[in-house]
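Engineer: Shown below is the structure under consideration.
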Amino acid sequence: MAELYFSKLRPNFLPDEWIRLSEVWDKDLRFEQGERIQLHGPSGRGKSTALKILFGLEGQFAGEIRCGEQSVIRAATRPTEHLPRRRSDFSAVFQAFYLFSNLTGWENLQTLPPTASRDPRSFSHEQLGQFAEDLNLADILDRSTEHYSPGQKQRLALLRAIARPFDWLLLDEPFSHIDEANTQAAVEVIEAALTHYQAGLFMTGLSAESRIPGVRRLAI
Amino acid sequence: MSQTLRRCLRLPPQTLKLLFFSVSLLIGWFLVLFSLQTTRDLKGLLVSGERWLQEDLAIVYREVSLSDSLGRQRAFLSAEEIEAIRDVPGVQAADPILRNHYPALLRVGGGPFPALESDVFIEALPEDYLAKVPEGWSWSPDAETVPILVPRLFLNLYNFGFAPGKGLPQIAPDMARRVPLRLVMTHATGQVDLSARVIGFSDQITSLHVPAAFLEWTNREYASTVDPKQTRPTRIAVKVGTTGAMSALQAMLTRRGLDLDESSRRAAQLENLLRRGIFALTAIGAVVALLALLLSFGQIEQRLSDQAEAIRRLFFLGFSLGAVAWHLGGRLFAAFTLCGSTVLVALYAVRLFLLRLLPEGGFQPEAMLSPEVLATALFLYASALLWGGLRLRRRLRSYIC
């Protein structure tokens, strides 16, 4: 998969007025391979929903997303069809983090589908350890994530998301729980991962201001 | 992979429960397959596939005495005796078995079939006494053909005695139904020649049987005797509802010097008992197997509910549905496989043991399990796997979003 095409995409539950004002909903959009997109707008306009539709976590929408030439995401797409895309095409960090609270930080990083963990393009154990150092996680990786703070969980989820190859990284308000110093470190880690995998980025934020350089901003 | 999944899905070992489900399933499958194999073995002994007469039918007759042989008396039953039989509590019906009152001759064959003819004695039972009314059994004076039910013994006598002795071809039952027959009835002024057709063979009768309507009509039209004594019934068909009624009937018959033939009734009762026993065994086995399956599936679903959040996280990361399903249900499905194999081995072993107990020269079925039993075993195993797999898959799919 490389490019993404949004075709008349619109959530079923948003008012028509918001859809009309949006630069994303009900439009035909094309996103190039490696492109960086920031969806910004006030709460409730569907920023997270856009990422969830891409990742197959949301089914209440009209229109479709074409992923490259073959794969199509529609409301009627069977749930099992999203799983292969999650293994190779998309990697994501949502506000819920989806970490295993019964596992340590390292164990969470190692919990990947076999095809992903065996991919030679994946970051090595040492590289991940260095990223963990950068994100101030190295000292707590051997502890159960049950006792992590929301900021620590968000950074660990980010680290797990970039641990294996992807075409598109989906980040839902990725710095919402992270302090200034760690945000800068997280930006550098994201930059390194996008460059390493030659991948694109979809991220959301409340404002048009972005910490990631070179993003295309779309008001939603 | 399995190590990763084991780490994420904290599943407590449930060896005892698994053992309980496996043993229950094993017992259930064994009972079902054992019943099926027993039915296959006894198929040759059970006649209900060709049961023409009702199973509560008994025949009342008068013992033939020396004076009967000397022609001074005839073993008839009077109308008063028939009424007395009907009056016995528990007797549901009693009617004379009709017989021909004119000389009758049956011509067999012609064309590609060997031609034979023989004087015959034909009888008829009212339709109420038939277990099933065969297709084509009805008869009216304008009918072209007379349907005949033939004692299987007649066919055997022909195939194994008469035909080899005369160098004639043997005739299979299906072929015999297509052999052209002529029933020739002689009356005071001549002969009537009617076309007849064999509609079936039975071990339950000892004479040719035709529809009662045919004998009533032909006796009225062609009877060669006008002496009412000669047309009195010699045998009475009796329908007896309960065993108690049978005792009362027996007592009454003894008082009046009459006899009762209930061999057909007893054979039917024995067969009925055997069939019910096998059915009960099958039903118990099916219920046990079904309960074992339902409980084991319920156990898996309980595990799914306990681990719902962890499963959602695995699907979030892109783990395949098959991998998660196998991790959750693999042990159970392996247990199904073990149960299926063990049941077949146990069935064969029990069978060999039981066959050794049977007397030599008697009923000796083959030691090998019948193909139907093996196919059923495969069907049960595949159904359990498919059913369990589909239930597991459907439940897991609901966790993907």
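As shown in the structure tokens, the chain order sets the letters A, B, ...; within each chain, residues go from 1, and ligands are also counted from 1 in the order they appear.
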Quick one: everything within 8 Å of range 142-150 of chain A, counting only C-alpha atoms, minus sequence neighbours fewer than 3 positions away in the same chain. Send it as a PyMOL selection string.

Structural biologist: chain A and resi 99-106+139+153-154+177

Engineer: Given the selection you just returned, output its residues as a file containing C-alpha atoms, formatted as a PDB file, in the first residue's frame.

Structural biologist:
```pdb
ATOM      1  CA  LEU A  99      -1.345  -1.752  26.419  1.00  0.00           C
ATOM      2  CA  PHE A 100      -1.364  -5.030  28.353  1.00  0.00           C
ATOM      3  CA  SER A 101      -1.497  -3.990  31.984  1.00  0.00           C
ATOM      4  CA  ASN A 102      -0.372  -7.440  33.155  1.00  0.00           C
ATOM      5  CA  LEU A 103       2.890  -7.206  31.179  1.00  0.00           C
ATOM      6  CA  THR A 104       6.026  -5.154  31.693  1.00  0.00           C
ATOM      7  CA  GLY A 105       7.041  -2.382  29.322  1.00  0.00           C
ATOM      8  CA  TRP A 106       9.509  -4.648  27.488  1.00  0.00           C
ATOM      9  CA  ASP A 139      14.319   2.684  33.807  1.00  0.00           C
ATOM     10  CA  LYS A 153       1.799   4.832  28.856  1.00  0.00           C
ATOM     11  CA  GLN A 154       1.484   7.220  25.905  1.00  0.00           C
ATOM     12  CA  HIS A 177      -0.252  13.489  28.257  1.00  0.00           C
TER      13      HIS A 177
END
```

Engineer: Please list as a short mmCIF file (atom, residue, chain, number, x, y, z; two decimals) with N, CA and C atoms, in the first residue's frame every residue within 12 Å of range 179-190 of chain B, counting only C-alpha atoms and excluding residues in the same chain fewer than 5 positions away.

Structural biologist:
```cif
data_model
loop_
_atom_site.label_atom_id
_atom_site.label_comp_id
_atom_site.auth_asym_id
_atom_site.auth_seq_id
_atom_site.Cartn_x
_atom_site.Cartn_y
_atom_site.Cartn_z
N ASN B 100 -60.53 -68.68 0.56
CA ASN B 100 -61.30 -68.87 -0.68
C ASN B 100 -62.27 -70.06 -0.53
N HIS B 101 -63.48 -69.88 -1.05
CA HIS B 101 -64.50 -70.95 -1.00
C HIS B 101 -64.70 -71.56 -2.37
N TYR B 102 -63.68 -71.52 -3.18
CA TYR B 102 -63.74 -72.08 -4.54
C TYR B 102 -62.33 -72.57 -4.87
N PRO B 103 -62.22 -73.50 -5.78
CA PRO B 103 -60.87 -73.97 -6.16
C PRO B 103 -60.12 -72.85 -6.90
N ALA B 104 -58.87 -72.67 -6.52
CA ALA B 104 -58.07 -71.61 -7.15
C ALA B 104 -56.74 -72.19 -7.63
N LEU B 105 -56.27 -71.62 -8.72
CA LEU B 105 -55.03 -72.09 -9.35
C LEU B 105 -54.18 -70.87 -9.69
N LEU B 106 -52.88 -70.97 -9.44
CA LEU B 106 -52.00 -69.85 -9.78
C LEU B 106 -51.06 -70.28 -10.89
N ARG B 107 -51.09 -69.53 -12.01
CA ARG B 107 -50.15 -69.81 -13.11
C ARG B 107 -49.06 -68.75 -13.05
N VAL B 108 -47.84 -69.23 -13.07
CA VAL B 108 -46.69 -68.34 -12.95
C VAL B 108 -45.88 -68.39 -14.24
N GLY B 109 -45.35 -67.22 -14.62
CA GLY B 109 -44.36 -67.19 -15.70
C GLY B 109 -44.96 -67.00 -17.07
N GLY B 110 -44.17 -67.45 -18.06
CA GLY B 110 -44.50 -67.15 -19.44
C GLY B 110 -43.48 -66.16 -19.96
N GLY B 111 -43.26 -66.14 -21.23
CA GLY B 111 -42.26 -65.25 -21.80
C GLY B 111 -40.87 -65.69 -21.35
N PRO B 112 -40.05 -64.77 -20.81
CA PRO B 112 -38.69 -65.15 -20.40
C PRO B 112 -38.67 -65.95 -19.10
N PHE B 113 -39.80 -66.01 -18.40
CA PHE B 113 -39.83 -66.70 -17.11
C PHE B 113 -40.35 -68.13 -17.27
N PRO B 114 -39.84 -69.04 -16.41
CA PRO B 114 -40.33 -70.43 -16.50
C PRO B 114 -41.82 -70.50 -16.15
N ALA B 115 -42.57 -71.34 -16.86
CA ALA B 115 -44.01 -71.45 -16.62
C ALA B 115 -44.30 -72.56 -15.61
N LEU B 116 -45.10 -72.26 -14.60
CA LEU B 116 -45.48 -73.20 -13.55
C LEU B 116 -46.94 -72.96 -13.23
N GLU B 117 -47.60 -73.95 -12.66
CA GLU B 117 -48.93 -73.69 -12.11
C GLU B 117 -49.15 -74.60 -10.91
N SER B 118 -49.97 -74.11 -9.97
CA SER B 118 -50.20 -74.87 -8.75
C SER B 118 -51.55 -74.50 -8.16
N ASP B 119 -52.22 -75.51 -7.58
CA ASP B 119 -53.42 -75.20 -6.79
C ASP B 119 -52.97 -74.36 -5.61
N VAL B 120 -53.76 -73.36 -5.28
CA VAL B 120 -53.36 -72.49 -4.17
C VAL B 120 -54.51 -72.29 -3.19
N PHE B 121 -54.11 -71.86 -2.02
CA PHE B 121 -55.04 -71.55 -0.94
C PHE B 121 -54.78 -70.09 -0.61
N ILE B 122 -55.79 -69.27 -0.74
CA ILE B 122 -55.57 -67.83 -0.50
C ILE B 122 -56.39 -67.35 0.69
N GLU B 144 -57.88 -54.34 -12.80
CA GLU B 144 -57.28 -55.23 -13.82
C GLU B 144 -56.41 -56.30 -13.19
N THR B 145 -55.87 -55.99 -12.02
CA THR B 145 -54.89 -56.91 -11.41
C THR B 145 -55.22 -57.18 -9.95
N VAL B 146 -54.92 -58.40 -9.52
CA VAL B 146 -55.12 -58.76 -8.12
C VAL B 146 -53.75 -58.68 -7.41
N PRO B 147 -53.62 -57.83 -6.40
CA PRO B 147 -52.34 -57.79 -5.67
C PRO B 147 -52.20 -58.99 -4.73
N ILE B 148 -51.01 -59.57 -4.68
CA ILE B 148 -50.79 -60.75 -3.83
C ILE B 148 -49.56 -60.53 -2.94
N ILE B 171 -34.83 -66.68 -8.86
CA ILE B 171 -35.51 -65.39 -9.05
C ILE B 171 -35.30 -64.52 -7.82
N ALA B 172 -34.75 -63.33 -8.04
CA ALA B 172 -34.58 -62.37 -6.94
C ALA B 172 -35.93 -61.76 -6.58
N PRO B 173 -36.11 -61.31 -5.34
CA PRO B 173 -37.41 -60.74 -4.94
C PRO B 173 -37.88 -59.63 -5.86
N ASP B 174 -36.96 -58.72 -6.25
CA ASP B 174 -37.37 -57.62 -7.12
C ASP B 174 -37.85 -58.14 -8.48
N SER B 195 -55.52 -61.46 -14.01
CA SER B 195 -54.09 -61.11 -13.89
C SER B 195 -53.78 -60.80 -12.42
N ALA B 196 -52.60 -61.23 -11.96
CA ALA B 196 -52.22 -60.97 -10.56
C ALA B 196 -50.78 -60.46 -10.52
N ARG B 197 -50.42 -59.85 -9.40
CA ARG B 197 -49.08 -59.27 -9.30
C ARG B 197 -48.58 -59.41 -7.84
N VAL B 198 -47.33 -59.85 -7.70
CA VAL B 198 -46.74 -59.93 -6.36
C VAL B 198 -46.36 -58.52 -5.92
N ILE B 199 -46.87 -58.11 -4.77
CA ILE B 199 -46.48 -56.76 -4.31
C ILE B 199 -45.49 -56.82 -3.15
N LEU B 208 -50.81 -67.43 0.66
CA LEU B 208 -50.94 -66.25 -0.19
C LEU B 208 -52.01 -65.34 0.40
N VAL B 210 -54.44 -61.86 -0.15
CA VAL B 210 -54.98 -60.90 -1.12
C VAL B 210 -55.84 -59.91 -0.35
N PHE B 214 -61.33 -58.49 -2.26
CA PHE B 214 -61.29 -59.45 -3.37
C PHE B 214 -61.92 -60.79 -2.96
N LEU B 215 -61.53 -61.27 -1.75
CA LEU B 215 -62.05 -62.57 -1.33
C LEU B 215 -63.54 -62.49 -1.02
N THR B 218 -65.24 -62.44 -4.54
CA THR B 218 -65.13 -63.69 -5.31
C THR B 218 -65.83 -64.84 -4.59
N ASN B 219 -65.79 -64.83 -3.24
CA ASN B 219 -66.52 -65.88 -2.51
C ASN B 219 -68.03 -65.76 -2.78
N ARG B 220 -68.50 -64.51 -2.86
CA ARG B 220 -69.92 -64.28 -3.11
C ARG B 220 -70.29 -64.73 -4.55
N GLU B 221 -69.39 -64.47 -5.47
CA GLU B 221 -69.69 -64.74 -6.88
C GLU B 221 -69.43 -66.19 -7.29
N TYR B 222 -68.31 -66.76 -6.75
CA TYR B 222 -67.85 -68.04 -7.30
C TYR B 222 -67.88 -69.19 -6.31
N ALA B 223 -68.40 -68.99 -5.07
CA ALA B 223 -68.34 -70.05 -4.05
C ALA B 223 -68.94 -71.34 -4.60
N SER B 224 -68.21 -72.45 -4.40
CA SER B 224 -68.65 -73.72 -4.97
C SER B 224 -69.49 -74.51 -3.97
N THR B 225 -69.65 -74.02 -2.74
CA THR B 225 -70.45 -74.75 -1.77
C THR B 225 -71.56 -73.85 -1.26
N VAL B 226 -72.68 -74.42 -0.95
CA VAL B 226 -73.79 -73.66 -0.38
C VAL B 226 -74.02 -74.04 1.07
#
```

Engineer: Please find the residues of chain B near chain A - the criterion being any atom within 7 Å, counting only C-alpha atoms - and write them as a PyMOL selection string.

Structural biologist: chain B and resi 1+4+8+310+313+315+317-320+397+400-401

Engineer: Any chance you can output those residues with C-alpha atoms as a PDB file, in the first residue's frame?

Structural biologist:
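Once written, again_15.pdb looks like this:
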```pdb
ATOM      1  CA  MET B   1       3.824 -16.854  18.946  1.00  0.00           C
ATOM      2  CA  THR B   4       3.525 -14.328  23.305  1.00  0.00           C
ATOM      3  CA  CYS B   8      -0.968 -11.881  27.112  1.00  0.00           C
ATOM      4  CA  ALA B 310      -6.650  -8.740  26.250  1.00  0.00           C
ATOM      5  CA  ARG B 313      -5.623  -5.573  22.390  1.00  0.00           C
ATOM      6  CA  PHE B 315      -6.575  -7.731  17.508  1.00  0.00           C
ATOM      7  CA  LEU B 317      -2.012  -5.159  17.162  1.00  0.00           C
ATOM      8  CA  GLY B 318      -3.094  -7.234  14.153  1.00  0.00           C
ATOM      9  CA  PHE B 319      -2.882 -10.757  15.570  1.00  0.00           C
ATOM     10  CA  SER B 320      -4.814 -13.104  13.291  1.00  0.00           C
ATOM     11  CA  ARG B 397     -15.003 -11.587  15.577  1.00  0.00           C
ATOM     12  CA  ILE B 400     -12.142  -7.179  16.668  1.00  0.00           C
ATOM     13  CA  CYS B 401     -13.472  -3.603  16.644  1.00  0.00           C
TER      14      CYS B 401
END
```

Engineer: May I have all residues of range 150-217 of chain A that DSSP, computed from the backbone, assigns to helix (DSSP H, G or I), given as a PDB file with N, CA, C and O atoms, in the first residue's frame?

Structural biologist:
```pdb
ATOM      1  N   PRO A 150      -0.223   8.140  32.841  1.00  0.00           N
ATOM      2  CA  PRO A 150      -0.743   8.265  31.468  1.00  0.00           C
ATOM      3  C   PRO A 150       0.335   8.713  30.483  1.00  0.00           C
ATOM      4  O   PRO A 150       0.380   8.238  29.343  1.00  0.00           O
ATOM      5  N   GLY A 151       1.229   9.606  30.907  1.00  0.00           N
ATOM      6  CA  GLY A 151       2.295  10.072  30.018  1.00  0.00           C
ATOM      7  C   GLY A 151       3.248   8.933  29.676  1.00  0.00           C
ATOM      8  O   GLY A 151       3.682   8.794  28.520  1.00  0.00           O
ATOM      9  N   GLN A 152       3.601   8.136  30.660  1.00  0.00           N
ATOM     10  CA  GLN A 152       4.501   6.993  30.412  1.00  0.00           C
ATOM     11  C   GLN A 152       3.818   5.985  29.484  1.00  0.00           C
ATOM     12  O   GLN A 152       4.444   5.427  28.578  1.00  0.00           O
ATOM     13  N   LYS A 153       2.539   5.776  29.720  1.00  0.00           N
ATOM     14  CA  LYS A 153       1.799   4.832  28.856  1.00  0.00           C
ATOM     15  C   LYS A 153       1.767   5.343  27.408  1.00  0.00           C
ATOM     16  O   LYS A 153       1.941   4.569  26.466  1.00  0.00           O
ATOM     17  N   GLN A 154       1.563   6.653  27.251  1.00  0.00           N
ATOM     18  CA  GLN A 154       1.484   7.220  25.905  1.00  0.00           C
ATOM     19  C   GLN A 154       2.821   7.064  25.170  1.00  0.00           C
ATOM     20  O   GLN A 154       2.875   6.735  23.988  1.00  0.00           O
ATOM     21  N   ARG A 155       3.928   7.304  25.889  1.00  0.00           N
ATOM     22  CA  ARG A 155       5.254   7.161  25.267  1.00  0.00           C
ATOM     23  C   ARG A 155       5.546   5.688  24.937  1.00  0.00           C
ATOM     24  O   ARG A 155       6.108   5.373  23.890  1.00  0.00           O
ATOM     25  N   LEU A 156       5.141   4.781  25.863  1.00  0.00           N
ATOM     26  CA  LEU A 156       5.367   3.349  25.589  1.00  0.00           C
ATOM     27  C   LEU A 156       4.538   2.900  24.377  1.00  0.00           C
ATOM     28  O   LEU A 156       5.034   2.137  23.526  1.00  0.00           O
ATOM     29  N   ALA A 157       3.284   3.375  24.294  1.00  0.00           N
ATOM     30  CA  ALA A 157       2.429   3.016  23.151  1.00  0.00           C
ATOM     31  C   ALA A 157       3.056   3.505  21.849  1.00  0.00           C
ATOM     32  O   ALA A 157       3.028   2.816  20.819  1.00  0.00           O
ATOM     33  N   LEU A 158       3.651   4.706  21.895  1.00  0.00           N
ATOM     34  CA  LEU A 158       4.328   5.249  20.718  1.00  0.00           C
ATOM     35  C   LEU A 158       5.525   4.369  20.340  1.00  0.00           C
ATOM     36  O   LEU A 158       5.724   4.042  19.157  1.00  0.00           O
ATOM     37  N   LEU A 159       6.273   3.963  21.360  1.00  0.00           N
ATOM     38  CA  LEU A 159       7.457   3.130  21.120  1.00  0.00           C
ATOM     39  C   LEU A 159       7.036   1.779  20.503  1.00  0.00           C
ATOM     40  O   LEU A 159       7.684   1.266  19.586  1.00  0.00           O
ATOM     41  N   ARG A 160       5.957   1.213  21.021  1.00  0.00           N
ATOM     42  CA  ARG A 160       5.477  -0.065  20.476  1.00  0.00           C
ATOM     43  C   ARG A 160       4.989   0.123  19.030  1.00  0.00           C
ATOM     44  O   ARG A 160       5.222  -0.743  18.172  1.00  0.00           O
ATOM     45  N   ALA A 161       4.346   1.265  18.772  1.00  0.00           N
ATOM     46  CA  ALA A 161       3.811   1.500  17.421  1.00  0.00           C
ATOM     47  C   ALA A 161       4.923   1.575  16.372  1.00  0.00           C
ATOM     48  O   ALA A 161       4.725   1.157  15.226  1.00  0.00           O
ATOM     49  N   GLU A 180       6.730  18.903  28.108  1.00  0.00           N
ATOM     50  CA  GLU A 180       7.430  19.572  27.011  1.00  0.00           C
ATOM     51  C   GLU A 180       8.713  18.850  26.600  1.00  0.00           C
ATOM     52  O   GLU A 180       8.963  18.597  25.423  1.00  0.00           O
ATOM     53  N   ALA A 181       9.533  18.482  27.616  1.00  0.00           N
ATOM     54  CA  ALA A 181      10.829  17.846  27.326  1.00  0.00           C
ATOM     55  C   ALA A 181      10.630  16.514  26.615  1.00  0.00           C
ATOM     56  O   ALA A 181      11.306  16.200  25.618  1.00  0.00           O
ATOM     57  N   ASN A 182       9.692  15.733  27.108  1.00  0.00           N
ATOM     58  CA  ASN A 182       9.447  14.421  26.500  1.00  0.00           C
ATOM     59  C   ASN A 182       8.758  14.559  25.147  1.00  0.00           C
ATOM     60  O   ASN A 182       8.916  13.682  24.290  1.00  0.00           O
ATOM     61  N   THR A 183       7.985  15.631  24.963  1.00  0.00           N
ATOM     62  CA  THR A 183       7.337  15.836  23.663  1.00  0.00           C
ATOM     63  C   THR A 183       8.392  16.014  22.578  1.00  0.00           C
ATOM     64  O   THR A 183       8.293  15.426  21.491  1.00  0.00           O
ATOM     65  N   GLN A 184       9.432  16.805  22.889  1.00  0.00           N
ATOM     66  CA  GLN A 184      10.496  17.026  21.908  1.00  0.00           C
ATOM     67  C   GLN A 184      11.180  15.702  21.566  1.00  0.00           C
ATOM     68  O   GLN A 184      11.451  15.409  20.395  1.00  0.00           O
ATOM     69  N   ALA A 185      11.403  14.873  22.612  1.00  0.00           N
ATOM     70  CA  ALA A 185      12.038  13.566  22.389  1.00  0.00           C
ATOM     71  C   ALA A 185      11.125  12.691  21.534  1.00  0.00           C
ATOM     72  O   ALA A 185      11.595  11.991  20.611  1.00  0.00           O
ATOM     73  N   ALA A 186       9.831  12.756  21.827  1.00  0.00           N
ATOM     74  CA  ALA A 186       8.870  11.941  21.065  1.00  0.00           C
ATOM     75  C   ALA A 186       8.838  12.364  19.602  1.00  0.00           C
ATOM     76  O   ALA A 186       8.787  11.522  18.691  1.00  0.00           O
ATOM     77  N   VAL A 187       8.894  13.685  19.363  1.00  0.00           N
ATOM     78  CA  VAL A 187       8.907  14.192  17.988  1.00  0.00           C
ATOM     79  C   VAL A 187      10.112  13.629  17.235  1.00  0.00           C
ATOM     80  O   VAL A 187      10.008  13.185  16.073  1.00  0.00           O
ATOM     81  N   GLU A 188      11.271  13.607  17.901  1.00  0.00           N
ATOM     82  CA  GLU A 188      12.489  13.097  17.245  1.00  0.00           C
ATOM     83  C   GLU A 188      12.381  11.598  16.960  1.00  0.00           C
ATOM     84  O   GLU A 188      12.827  11.109  15.910  1.00  0.00           O
ATOM     85  N   VAL A 189      11.785  10.881  17.890  1.00  0.00           N
ATOM     86  CA  VAL A 189      11.610   9.431  17.678  1.00  0.00           C
ATOM     87  C   VAL A 189      10.656   9.191  16.499  1.00  0.00           C
ATOM     88  O   VAL A 189      10.916   8.343  15.638  1.00  0.00           O
ATOM     89  N   ILE A 190       9.574   9.958  16.452  1.00  0.00           N
ATOM     90  CA  ILE A 190       8.609   9.803  15.346  1.00  0.00           C
ATOM     91  C   ILE A 190       9.292  10.117  14.016  1.00  0.00           C
ATOM     92  O   ILE A 190       9.160   9.379  13.033  1.00  0.00           O
ATOM     93  N   GLU A 191      10.065  11.199  14.012  1.00  0.00           N
ATOM     94  CA  GLU A 191      10.782  11.609  12.802  1.00  0.00           C
ATOM     95  C   GLU A 191      11.717  10.489  12.337  1.00  0.00           C
ATOM     96  O   GLU A 191      11.759  10.141  11.140  1.00  0.00           O
ATOM     97  N   ALA A 192      12.424   9.915  13.289  1.00  0.00           N
ATOM     98  CA  ALA A 192      13.375   8.836  12.959  1.00  0.00           C
ATOM     99  C   ALA A 192      12.636   7.631  12.386  1.00  0.00           C
ATOM    100  O   ALA A 192      13.089   7.008  11.410  1.00  0.00           O
ATOM    101  N   ALA A 193      11.494   7.300  12.975  1.00  0.00           N
ATOM    102  CA  ALA A 193      10.734   6.132  12.511  1.00  0.00           C
ATOM    103  C   ALA A 193      10.165   6.369  11.116  1.00  0.00           C
ATOM    104  O   ALA A 193      10.225   5.494  10.247  1.00  0.00           O
ATOM    105  N   LEU A 194       9.614   7.564  10.882  1.00  0.00           N
ATOM    106  CA  LEU A 194       9.029   7.865   9.569  1.00  0.00           C
ATOM    107  C   LEU A 194      10.094   7.801   8.484  1.00  0.00           C
ATOM    108  O   LEU A 194       9.849   7.299   7.378  1.00  0.00           O
ATOM    109  N   THR A 195      11.273   8.315   8.825  1.00  0.00           N
ATOM    110  CA  THR A 195      12.375   8.281   7.864  1.00  0.00           C
ATOM    111  C   THR A 195      12.830   6.845   7.623  1.00  0.00           C
ATOM    112  O   THR A 195      13.049   6.419   6.490  1.00  0.00           O
ATOM    113  N   HIS A 196      12.983   6.096   8.714  1.00  0.00           N
ATOM    114  CA  HIS A 196      13.466   4.711   8.619  1.00  0.00           C
ATOM    115  C   HIS A 196      12.537   3.845   7.761  1.00  0.00           C
ATOM    116  O   HIS A 196      12.999   3.074   6.920  1.00  0.00           O
ATOM    117  N   TYR A 197      11.238   3.977   7.973  1.00  0.00           N
ATOM    118  CA  TYR A 197      10.280   3.131   7.243  1.00  0.00           C
ATOM    119  C   TYR A 197       9.757   3.802   5.972  1.00  0.00           C
ATOM    120  O   TYR A 197       8.932   3.217   5.261  1.00  0.00           O
TER     121      TYR A 197
END
```

Engineer: May I have the residues within 12 Å of Asn156 in chain B as a PyMOL selection string, using only C-alpha atoms and disregarding those fewer than 6 positions away in the same chain?

Structural biologist: chain B and resi 150+162-164+170-173+176+201-203

Engineer: With a distance cut-off of 12 Å and only C-alpha atoms, select the neighbouring residues of Thr49 in chain A, excluding the residue or stretch itself and same-chain residues fewer than 2 positions from it, and output the selection as JSON, numbers by chain.

Structural biologist: {"A": [9, 10, 11, 12, 13, 14, 24, 25, 39, 43, 44, 45, 46, 47, 51, 52, 53, 54, 55, 56, 57, 58, 59, 60, 61, 94, 95, 170, 171, 172, 203, 204, 220]}

Engineer: Run DSSP on the backbone of this structure and report the residues of range 149-388 of chain B it assigns to strand (DSSP E), as a PyMOL selection string.

Structural biologist: chain B and resi 149-151+181-187+190-202+208-209+235-240+258-261

Engineer: Between CA of Thr254 in chain B and CA of Ile82 in chain B, what is the spacing in Å?

Structural biologist: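 Going from CA of Ile82 in chain B over to CA of Thr254 in chain B, I get 14.2 Å.
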